[in-house]
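Text of structure-v4.cif (mmCIF, C-alpha atoms) as supplied:
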```cif
data_entry
loop_
_atom_site.label_atom_id
_atom_site.label_comp_id
_atom_site.auth_asym_id
_atom_site.auth_seq_id
_atom_site.Cartn_x
_atom_site.Cartn_y
_atom_site.Cartn_z
CA MET A 17 42.75 182.90 72.53
CA ASN A 18 43.58 181.93 68.96
CA ARG A 19 40.72 182.74 66.59
CA LYS A 20 40.62 179.23 65.09
CA ILE A 21 40.55 177.63 68.53
CA LEU A 22 37.79 180.02 69.53
CA ILE A 23 35.70 179.08 66.48
CA ILE A 24 36.24 175.36 67.21
CA PHE A 25 35.21 175.98 70.83
CA TYR A 26 32.02 177.69 69.69
CA LEU A 27 31.24 174.90 67.25
CA VAL A 28 31.71 172.31 69.98
CA ILE A 29 29.18 174.18 72.16
CA ILE A 30 26.66 174.42 69.32
CA ILE A 31 27.08 170.78 68.27
CA GLY A 32 26.90 169.63 71.90
CA ILE A 33 23.63 171.48 72.52
CA PHE A 34 22.06 170.13 69.32
CA LEU A 35 23.29 166.58 69.98
CA THR A 36 21.83 166.75 73.51
CA THR A 37 18.53 168.01 72.09
CA THR A 38 18.43 165.28 69.44
CA THR A 39 19.24 162.59 72.00
CA TYR A 40 16.44 163.84 74.25
CA ILE A 41 13.97 163.82 71.35
CA LYS A 42 14.96 160.31 70.28
CA THR A 43 15.06 158.73 73.74
CA SER A 44 12.18 160.42 75.60
CA LYS A 45 8.90 158.54 75.59
CA PRO A 46 6.25 160.57 73.73
CA THR A 47 3.30 161.98 75.66
CA PHE A 48 -0.11 161.89 73.97
CA GLU A 49 -3.24 163.86 74.75
CA ILE A 50 -6.42 161.88 74.14
CA THR A 51 -9.45 164.12 73.67
CA SER A 52 -13.09 163.10 73.56
CA GLU A 53 -16.41 164.90 73.81
CA ILE A 54 -19.90 163.84 74.76
CA MET A 55 -23.24 165.64 74.74
CA ILE A 56 -26.34 165.02 76.84
CA ASN A 57 -29.46 165.99 74.90
CA ARG A 58 -32.26 167.74 76.71
CA GLN A 59 -35.41 165.82 77.57
CA THR A 60 -37.69 166.01 74.52
CA ILE A 61 -40.77 164.45 76.12
CA ALA A 62 -42.32 166.83 78.66
CA LEU A 63 -42.08 165.71 82.26
CA PRO A 64 -45.02 166.08 84.68
CA GLU A 65 -45.90 169.68 85.51
CA TYR A 66 -44.25 169.70 88.94
CA LEU A 67 -40.90 168.81 87.26
CA GLY A 68 -41.22 171.32 84.43
CA GLU A 69 -38.75 173.86 85.83
CA VAL A 70 -36.03 171.26 86.22
CA GLY A 71 -36.39 170.34 82.57
CA SER A 72 -36.55 173.87 81.17
CA ASN A 73 -34.57 176.27 83.36
CA ARG A 74 -31.21 176.99 81.74
CA TRP A 75 -29.50 177.91 85.00
CA ILE A 76 -30.49 174.61 86.55
CA TRP A 77 -28.80 172.90 83.62
CA VAL A 78 -25.67 175.01 84.17
CA ARG A 79 -25.66 174.08 87.85
CA ASN A 80 -26.15 170.40 87.07
CA GLY A 81 -23.39 170.41 84.45
CA LEU A 82 -20.88 172.04 86.79
CA ALA A 83 -21.86 169.64 89.57
CA THR A 84 -21.30 166.66 87.26
CA LYS A 85 -17.91 168.01 86.20
CA GLU A 86 -16.78 168.40 89.80
CA SER A 87 -18.08 164.99 90.87
CA ILE A 88 -16.20 162.96 88.24
CA ILE A 89 -12.53 163.12 89.19
CA THR A 90 -12.85 162.04 92.79
CA ASP A 91 -10.21 160.19 94.80
CA SER A 92 -12.26 157.00 94.62
CA PHE A 93 -12.44 157.26 90.81
CA LEU A 94 -8.67 157.85 90.53
CA ILE A 95 -7.86 154.99 92.91
CA ARG A 96 -10.05 152.67 90.83
CA ALA A 97 -8.23 153.85 87.68
CA ILE A 98 -4.83 153.16 89.30
CA LYS A 99 -5.94 149.65 90.32
CA GLU A 100 -7.27 148.82 86.87
CA LEU A 101 -4.35 150.46 85.01
CA PRO A 102 -1.19 150.10 87.15
CA SER A 103 1.13 151.51 84.44
CA LEU A 104 -0.66 154.87 84.56
CA VAL A 105 1.74 156.31 87.11
CA ASP A 106 5.11 155.42 88.59
CA VAL A 107 4.58 152.49 90.99
CA GLU A 108 7.30 153.87 93.27
CA LEU A 109 5.24 156.97 94.09
CA SER A 110 3.10 157.20 97.21
CA LEU A 111 -0.67 157.07 96.75
CA ASP A 112 -0.94 160.81 97.38
CA LYS A 113 1.66 161.56 94.69
CA LYS A 114 -0.06 159.19 92.27
CA LEU A 115 -3.35 161.01 92.79
CA GLN A 116 -1.67 164.40 92.28
CA GLU A 117 -0.02 163.17 89.08
CA LEU A 118 -3.29 161.86 87.67
CA ARG A 119 -5.20 165.03 88.55
CA LYS A 120 -2.66 167.05 86.55
CA ASN A 121 -3.15 164.84 83.51
CA ILE A 122 -6.96 164.48 83.51
CA LYS A 123 -9.22 167.40 82.68
CA VAL A 124 -13.02 167.45 82.31
CA ASP A 125 -14.52 170.71 81.05
CA PHE A 126 -18.22 171.56 81.00
CA LYS A 127 -18.92 173.56 77.86
CA GLY A 128 -22.20 175.15 78.93
CA ALA A 129 -25.93 174.53 79.04
CA ASP A 130 -26.74 175.73 75.52
CA VAL A 131 -24.83 172.73 74.22
CA TYR A 132 -24.80 170.45 77.24
CA SER A 133 -21.47 168.79 76.53
CA PHE A 134 -18.31 167.71 78.31
CA LEU A 135 -14.78 167.83 76.88
CA ILE A 136 -12.43 165.18 78.27
CA ARG A 137 -8.64 165.42 77.95
CA VAL A 138 -6.22 162.80 79.24
CA LYS A 139 -2.44 163.12 78.93
CA SER A 140 -0.34 159.98 79.17
CA LYS A 141 2.77 158.24 77.87
CA HIS A 142 0.55 155.17 77.60
CA PRO A 143 -2.12 156.18 75.05
CA MET A 144 -4.14 152.96 75.37
CA ASN A 145 -4.44 153.59 79.10
CA ALA A 146 -5.52 157.15 78.38
CA ILE A 147 -8.25 155.82 76.10
CA GLN A 148 -9.44 153.45 78.82
CA ILE A 149 -9.58 156.28 81.37
CA SER A 150 -11.47 158.44 78.87
CA ASN A 151 -14.03 155.65 78.44
CA MET A 152 -14.30 155.30 82.23
CA ILE A 153 -15.04 159.04 82.51
CA ILE A 154 -17.58 158.87 79.66
CA ASN A 155 -19.38 155.99 81.38
CA GLU A 156 -19.34 157.85 84.70
CA ILE A 157 -20.89 160.98 83.15
CA LYS A 158 -23.46 158.77 81.45
CA ARG A 159 -24.30 157.13 84.79
CA ILE A 160 -24.62 160.46 86.63
CA GLU A 161 -26.62 162.26 83.93
CA ILE A 162 -28.86 159.44 82.72
CA GLY A 163 -28.70 156.42 85.03
CA TYR A 164 -28.58 158.17 88.41
CA PRO A 165 -31.81 160.23 88.00
CA ILE A 166 -33.68 157.00 87.21
CA GLU A 167 -32.17 155.38 90.32
CA VAL A 168 -33.36 158.35 92.39
CA TYR A 169 -36.89 157.98 90.99
CA ASP A 170 -36.85 154.26 91.84
CA GLN A 171 -35.56 154.86 95.38
CA THR A 172 -38.09 157.65 95.98
CA SER A 173 -40.93 155.52 94.62
CA ARG A 174 -39.97 152.62 96.89
CA ALA A 175 -39.80 154.94 99.92
CA LEU A 176 -43.20 156.46 99.12
CA GLN A 177 -44.71 153.03 98.52
CA ASN A 178 -43.45 151.94 101.95
CA ASP A 179 -45.05 155.04 103.46
CA VAL A 180 -48.37 154.16 101.83
CA GLU A 181 -48.20 150.60 103.17
CA SER A 182 -47.39 151.88 106.67
CA LEU A 183 -50.30 154.32 106.59
CA LYS A 184 -52.69 151.61 105.38
CA ILE A 185 -51.58 149.27 108.17
CA ARG A 186 -52.05 152.08 110.68
CA GLU A 187 -55.54 152.75 109.30
CA LYS A 188 -56.44 149.06 109.46
CA ASN A 189 -55.39 148.84 113.11
CA LEU A 190 -57.51 151.78 114.23
CA PRO A 191 -60.27 150.90 116.71
CA GLN A 192 -63.69 150.73 115.11
CA ASN A 193 -66.66 153.02 115.91
CA LEU A 194 -64.64 155.65 117.78
CA GLU A 195 -65.06 159.31 116.89
CA SER A 196 -61.32 159.91 117.20
CA SER A 197 -60.63 156.95 114.91
CA LYS A 198 -62.87 158.45 112.24
CA ARG A 199 -60.95 161.74 112.30
CA ILE A 200 -57.62 159.93 112.16
CA ARG A 201 -58.88 157.70 109.34
CA ILE A 202 -59.88 160.75 107.26
CA SER A 203 -56.44 162.29 107.82
CA LEU A 204 -54.68 159.05 106.94
CA ASN A 205 -56.73 158.60 103.76
CA LYS A 206 -55.86 162.15 102.73
CA GLN A 207 -52.15 161.45 103.23
CA ILE A 208 -52.43 158.18 101.32
CA ASN A 209 -54.17 159.89 98.39
CA GLN A 210 -51.52 162.62 98.26
CA ILE A 211 -48.66 160.12 98.29
CA GLU A 212 -50.32 157.90 95.68
CA SER A 213 -50.82 160.95 93.44
CA THR A 214 -47.11 161.79 93.79
CA LEU A 215 -46.23 158.15 93.12
CA HIS A 216 -48.28 158.23 89.93
CA GLN A 217 -46.41 161.33 88.72
CA LEU A 218 -43.07 159.78 89.63
CA LYS A 219 -43.89 156.64 87.67
CA ILE A 220 -44.80 158.72 84.61
CA ALA A 221 -41.60 160.78 84.92
CA ARG A 222 -39.52 157.63 85.34
CA LEU A 223 -41.17 156.02 82.30
CA LEU A 224 -40.54 159.11 80.17
CA MET A 225 -36.88 159.32 81.23
CA SER A 226 -36.34 155.61 80.59
CA SER A 227 -38.04 155.76 77.18
CA GLU A 228 -35.45 158.27 75.92
CA GLY A 229 -32.49 156.88 77.87
CA GLU A 230 -29.70 156.11 75.41
CA ASN A 231 -31.09 158.57 72.86
CA ARG A 232 -30.16 161.45 75.15
CA PHE A 233 -26.48 160.48 75.05
CA THR A 234 -24.33 161.47 72.06
CA LEU A 235 -20.64 160.65 71.64
CA ILE A 236 -19.42 163.66 69.64
CA LYS A 237 -15.75 162.69 69.60
CA LYS A 238 -14.54 159.19 70.33
CA PRO A 239 -11.25 158.84 72.28
CA LEU A 240 -8.56 157.84 69.76
CA ILE A 241 -4.76 157.92 69.68
CA PRO A 242 -3.70 161.10 67.83
CA SER A 243 -1.15 160.89 65.02
CA ASP A 244 1.28 163.24 66.77
CA PRO A 245 2.28 163.40 70.44
CA ILE A 246 2.03 166.67 72.36
CA TRP A 247 5.59 166.12 73.66
CA PRO A 248 8.38 166.16 72.69
CA LYS A 249 7.95 168.78 69.95
CA PRO A 250 11.13 168.62 67.83
CA LEU A 251 10.68 171.98 66.11
CA LEU A 252 10.10 173.81 69.39
CA LEU A 253 13.05 172.08 71.04
CA TYR A 254 15.39 172.91 68.15
CA VAL A 255 14.28 176.55 68.26
CA ILE A 256 15.03 176.60 72.00
CA ALA A 257 18.40 174.92 71.33
CA THR A 258 19.25 177.57 68.72
CA LEU A 259 18.33 180.43 71.05
CA LEU A 260 20.25 178.81 73.91
CA SER A 261 23.33 178.39 71.68
CA LEU A 262 23.21 182.02 70.56
CA LEU A 263 22.76 183.21 74.15
CA MET A 264 25.70 181.15 75.37
CA LEU A 265 27.96 182.27 72.51
CA LEU A 266 26.99 185.90 73.04
CA SER A 267 27.66 185.64 76.78
CA ILE A 268 31.06 184.03 76.22
CA GLU A 269 31.99 186.61 73.60
CA VAL A 270 30.96 189.53 75.85
CA TYR A 271 32.90 188.05 78.75
CA ARG A 272 35.97 187.44 76.56
CA ARG A 273 36.02 191.01 75.21
CA ASN A 274 35.53 192.52 78.66
CA SER A 275 38.46 190.44 79.92
CA GLN A 276 40.67 191.61 77.04
CA ASN A 277 39.79 195.27 77.69
CA LYS A 278 40.70 194.89 81.37
CA LEU A 279 44.07 193.37 80.43
CA LYS A 280 44.83 196.23 78.06
CA ARG A 281 44.23 198.75 80.82
#
```
Spell out the structure here as C-alpha cells.
Amino acid sequence: MNRKILIIFYLVIIIGIFLTTTTYIKTSKPTFEITSEIMINRQTIALPEYLGEVGSNRWIWVRNGLATKESIITDSFLIRAIKELPSLVDVELSLDKKLQELRKNIKVDFKGADVYSFLIRVKSKHPMNAIQISNMIINEIKRIEIGYPIEVYDQTSRALQNDVESLKIREKNLPQNLESSKRIRISLNKQINQIESTLHQLKIARLLMSSEGENRFTLIKKPLIPSDPIWPKPLLLYVIATLLSLLMLLSIEVYRRNSQNKLKR
C-alpha cells in the first residue's frame, strides 16, 4: 500500500474515533450523583434505668444502624418513589427491571456508631428527582430513628393500659367474702402495681425522647446538584480514545508487515 494512502487511512481511523467520542460526549445525557449525609445524635438525657443499656451500649447502636440501613431501600419504598417520580426509570421496563435499576443507583451507607451517621448517594440523569429521592430517604431514616421509637412507646403504653383496665374489671367482678377471691385479688393487685410501675417508666422515657426529638437529628450535608456530572467524563473518554487509536494502528501495522513478509517468502 502506498505510504501516503496508508497515512491517510490511519488519520481517518484516528479522526473517526475522536469524532465518535466527541459526539457521544455532546449527545449523551449527563449522569449526576447526589450525595447527602445525616447524623443521629445520641440521647443526652438519661433514660430510666431499665433502658440504660440500650442508650449506652455501642454494639447495640451498631446493630440498630445496620438494621436501619437495610430497612430503607425496600421494594415498597422503591415502588412509592417510582409512582411519585415516573421519570426516574424507563417507563417501558417491567416493574422488576425498574426496581433493579433503582437499587443499582441508590446507596445508603452506615458510617458507624462512633459517629452515628448515614451517607446517601443517588445517581440519576434527572438530578431534581435524585434530590427528591434523597429527601425521601432522609425522612425515612428520621422516622425510623426518631419517630418510630416514640410510636412503639405509645403502642406499648396503650397495650399496658388496656391490661390494667382488664385486670381492674376482673378484680371488681370477683365474688365478695370468699377466701379464694381474696387470694386472687392480692395477685391481681400485684400485677396491676407492676404494670403501672412499668407504665410510669415508659411515660418518662417517652417524654424524654420527645423533648429532644428534632435536636437529635442533624443534616450534615444537604442534597444538592453538583457542578460536574459523574458521567460522561471527557478527559477519561479522550484518553481511552487515544489508547484505542494507538492499539488499532499498532494492530494494523503489525498485520500489514506480517503480510508483506509472507509475500516476500
Practice item. Could you jot down the atom CA of Leu22 of chain A to atom CA of Asn274 of chain A separation for me, Å, one decimal place? Key: 15.6 Å
Revision key, fill the gap. If you count all atoms listed in the file, the residue of A:Leu224, A:Ala257, A:Ala146, A:Ile24 closest to Ile162 of chain A turns out to be A:Leu224
Check your understanding: How far is it from atom CA of Ile29 of chain A to atom CA of Leu262 of chain A, in Å with one decimal?
Key ->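 The value is 10.0 Å.
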Practice item. Using all atoms listed in the file, find the one residue out of A:Lys237, A:Lys219, A:Lys127, A:His142 that sits nearest to Asp106 of chain A. Key: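 Closest to Asp106 of chain A of all the choices is A:His142.
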Practice item. With the file shown as input, list the residues that the PyMOL selection byres ((chain A and resi 196-211) around 8) selects, as number ranges by chain. Key: A: 176, 180, 183-184, 187, 190-195, 212-215
Exercise for review: For Glu156 of chain A, please output as a list of chain:residue names all residues within 10 Å (counting all atoms listed in the file; exclusion window: fewer than 6 positions along the same chain).
Suggested key: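 Returned residues: A:Thr84, A:Ser87, A:Ile88, A:Ile89, A:Phe93, A:Ser150, A:Ile162, A:Gly163, A:Tyr164.
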Select from segment 212-269 of chain A every residue with an atom at most 12 Å from any atom of segment 131-136 of chain A, then for each give the shortest pair of atoms and their distance in Å to one decimal, using all atoms listed in the file, rows by chain and rising number, as CSV.
```
residue,atom,partner,partner_atom,distance
A:Arg232,CA,A:Tyr132,CA,10.7
A:Phe233,CA,A:Ser133,CA,9.8
A:Thr234,CA,A:Ser133,CA,9.0
A:Leu235,CA,A:Ser133,CA,9.5
A:Ile236,CA,A:Ser133,CA,8.8
A:Lys237,CA,A:Leu135,CA,9.0
A:Lys238,CA,A:Ile136,CA,10.2
A:Pro239,CA,A:Ile136,CA,8.8
A:Leu240,CA,A:Ile136,CA,11.9
```
Return as AutoDock Vina command-line options the centre and edge lengths, in Å with one decimal, of the box along x, y and z that encloses every atom of segment 161-175 of chain A in the file, padded by 6 Å per side.
```
--center_x -33.8 --center_y 157.4 --center_z 91.3 --size_x 26.3 --size_y 21.6 --size_z 29.2
```
Review point. Closest to Val168 of chain A among A:Ile76, A:Met225, A:Ile31, A:Ile154, using only C-alpha atoms?
Key: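 Residue with the minimum atom-to-atom distance to Val168 of chain A: A:Met225.
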Review point. What's the 8 Å shell around segment 35-37 of chain A, counting all atoms listed in the file, without same-chain residues fewer than 3 positions away, as an NGL selection string?
Key: :A and (31-32 or 40-41 or 253-254 or 257)
Point to revise | Ground truth for the PyMOL selection byres ((chain A and resi 97) around 12), written as a count of residues only | key: 30
Review point. Distance atom CA of Ala129 of chain A-atom CA of Trp77 of chain A, one decimal place?
Key: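 Value for the atom CA of Ala129 of chain A-atom CA of Trp77 of chain A distance: 5.6 Å.
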Can you rebuild segment 121-137 of chain A with N, CA and C atoms and give it as a PDB file, in the frame of the given file?
```pdb
ATOM      1  N   ASN A 121      -3.073 165.350  84.878  1.00  0.00           N
ATOM      2  CA  ASN A 121      -3.150 164.840  83.510  1.00  0.00           C
ATOM      3  C   ASN A 121      -4.577 164.540  83.022  1.00  0.00           C
ATOM      4  N   ILE A 122      -5.564 164.733  83.899  1.00  0.00           N
ATOM      5  CA  ILE A 122      -6.960 164.480  83.510  1.00  0.00           C
ATOM      6  C   ILE A 122      -7.764 165.756  83.684  1.00  0.00           C
ATOM      7  N   LYS A 123      -8.402 166.190  82.629  1.00  0.00           N
ATOM      8  CA  LYS A 123      -9.220 167.400  82.680  1.00  0.00           C
ATOM      9  C   LYS A 123     -10.609 167.102  82.096  1.00  0.00           C
ATOM     10  N   VAL A 124     -11.641 167.535  82.815  1.00  0.00           N
ATOM     11  CA  VAL A 124     -13.020 167.450  82.310  1.00  0.00           C
ATOM     12  C   VAL A 124     -13.587 168.853  82.322  1.00  0.00           C
ATOM     13  N   ASP A 125     -13.975 169.353  81.168  1.00  0.00           N
ATOM     14  CA  ASP A 125     -14.520 170.710  81.050  1.00  0.00           C
ATOM     15  C   ASP A 125     -15.980 170.655  80.642  1.00  0.00           C
ATOM     16  N   PHE A 126     -16.811 171.415  81.363  1.00  0.00           N
ATOM     17  CA  PHE A 126     -18.220 171.560  81.000  1.00  0.00           C
ATOM     18  C   PHE A 126     -18.346 172.753  80.064  1.00  0.00           C
ATOM     19  N   LYS A 127     -18.920 172.534  78.889  1.00  0.00           N
ATOM     20  CA  LYS A 127     -18.920 173.560  77.860  1.00  0.00           C
ATOM     21  C   LYS A 127     -20.157 174.448  77.852  1.00  0.00           C
ATOM     22  N   GLY A 128     -21.052 174.259  78.823  1.00  0.00           N
ATOM     23  CA  GLY A 128     -22.200 175.150  78.930  1.00  0.00           C
ATOM     24  C   GLY A 128     -23.520 174.455  78.690  1.00  0.00           C
ATOM     25  N   ALA A 129     -24.597 175.141  79.103  1.00  0.00           N
ATOM     26  CA  ALA A 129     -25.930 174.530  79.040  1.00  0.00           C
ATOM     27  C   ALA A 129     -26.558 174.627  77.662  1.00  0.00           C
ATOM     28  N   ASP A 130     -26.151 175.616  76.855  1.00  0.00           N
ATOM     29  CA  ASP A 130     -26.740 175.730  75.520  1.00  0.00           C
ATOM     30  C   ASP A 130     -26.447 174.479  74.693  1.00  0.00           C
ATOM     31  N   VAL A 131     -25.192 174.042  74.756  1.00  0.00           N
ATOM     32  CA  VAL A 131     -24.830 172.730  74.220  1.00  0.00           C
ATOM     33  C   VAL A 131     -24.293 171.952  75.411  1.00  0.00           C
ATOM     34  N   TYR A 132     -25.135 171.108  75.981  1.00  0.00           N
ATOM     35  CA  TYR A 132     -24.800 170.450  77.240  1.00  0.00           C
ATOM     36  C   TYR A 132     -23.780 169.340  76.974  1.00  0.00           C
ATOM     37  N   SER A 133     -22.511 169.754  76.906  1.00  0.00           N
ATOM     38  CA  SER A 133     -21.470 168.790  76.530  1.00  0.00           C
ATOM     39  C   SER A 133     -20.278 168.885  77.470  1.00  0.00           C
ATOM     40  N   PHE A 134     -19.492 167.813  77.462  1.00  0.00           N
ATOM     41  CA  PHE A 134     -18.310 167.710  78.310  1.00  0.00           C
ATOM     42  C   PHE A 134     -17.112 167.350  77.426  1.00  0.00           C
ATOM     43  N   LEU A 135     -16.023 168.105  77.595  1.00  0.00           N
ATOM     44  CA  LEU A 135     -14.780 167.830  76.880  1.00  0.00           C
ATOM     45  C   LEU A 135     -13.819 167.144  77.833  1.00  0.00           C
ATOM     46  N   ILE A 136     -13.313 165.989  77.424  1.00  0.00           N
ATOM     47  CA  ILE A 136     -12.430 165.180  78.270  1.00  0.00           C
ATOM     48  C   ILE A 136     -11.049 165.128  77.647  1.00  0.00           C
ATOM     49  N   ARG A 137     -10.022 165.466  78.436  1.00  0.00           N
ATOM     50  CA  ARG A 137      -8.640 165.420  77.950  1.00  0.00           C
ATOM     51  C   ARG A 137      -7.788 164.629  78.929  1.00  0.00           C
TER      52      ARG A 137
END
```
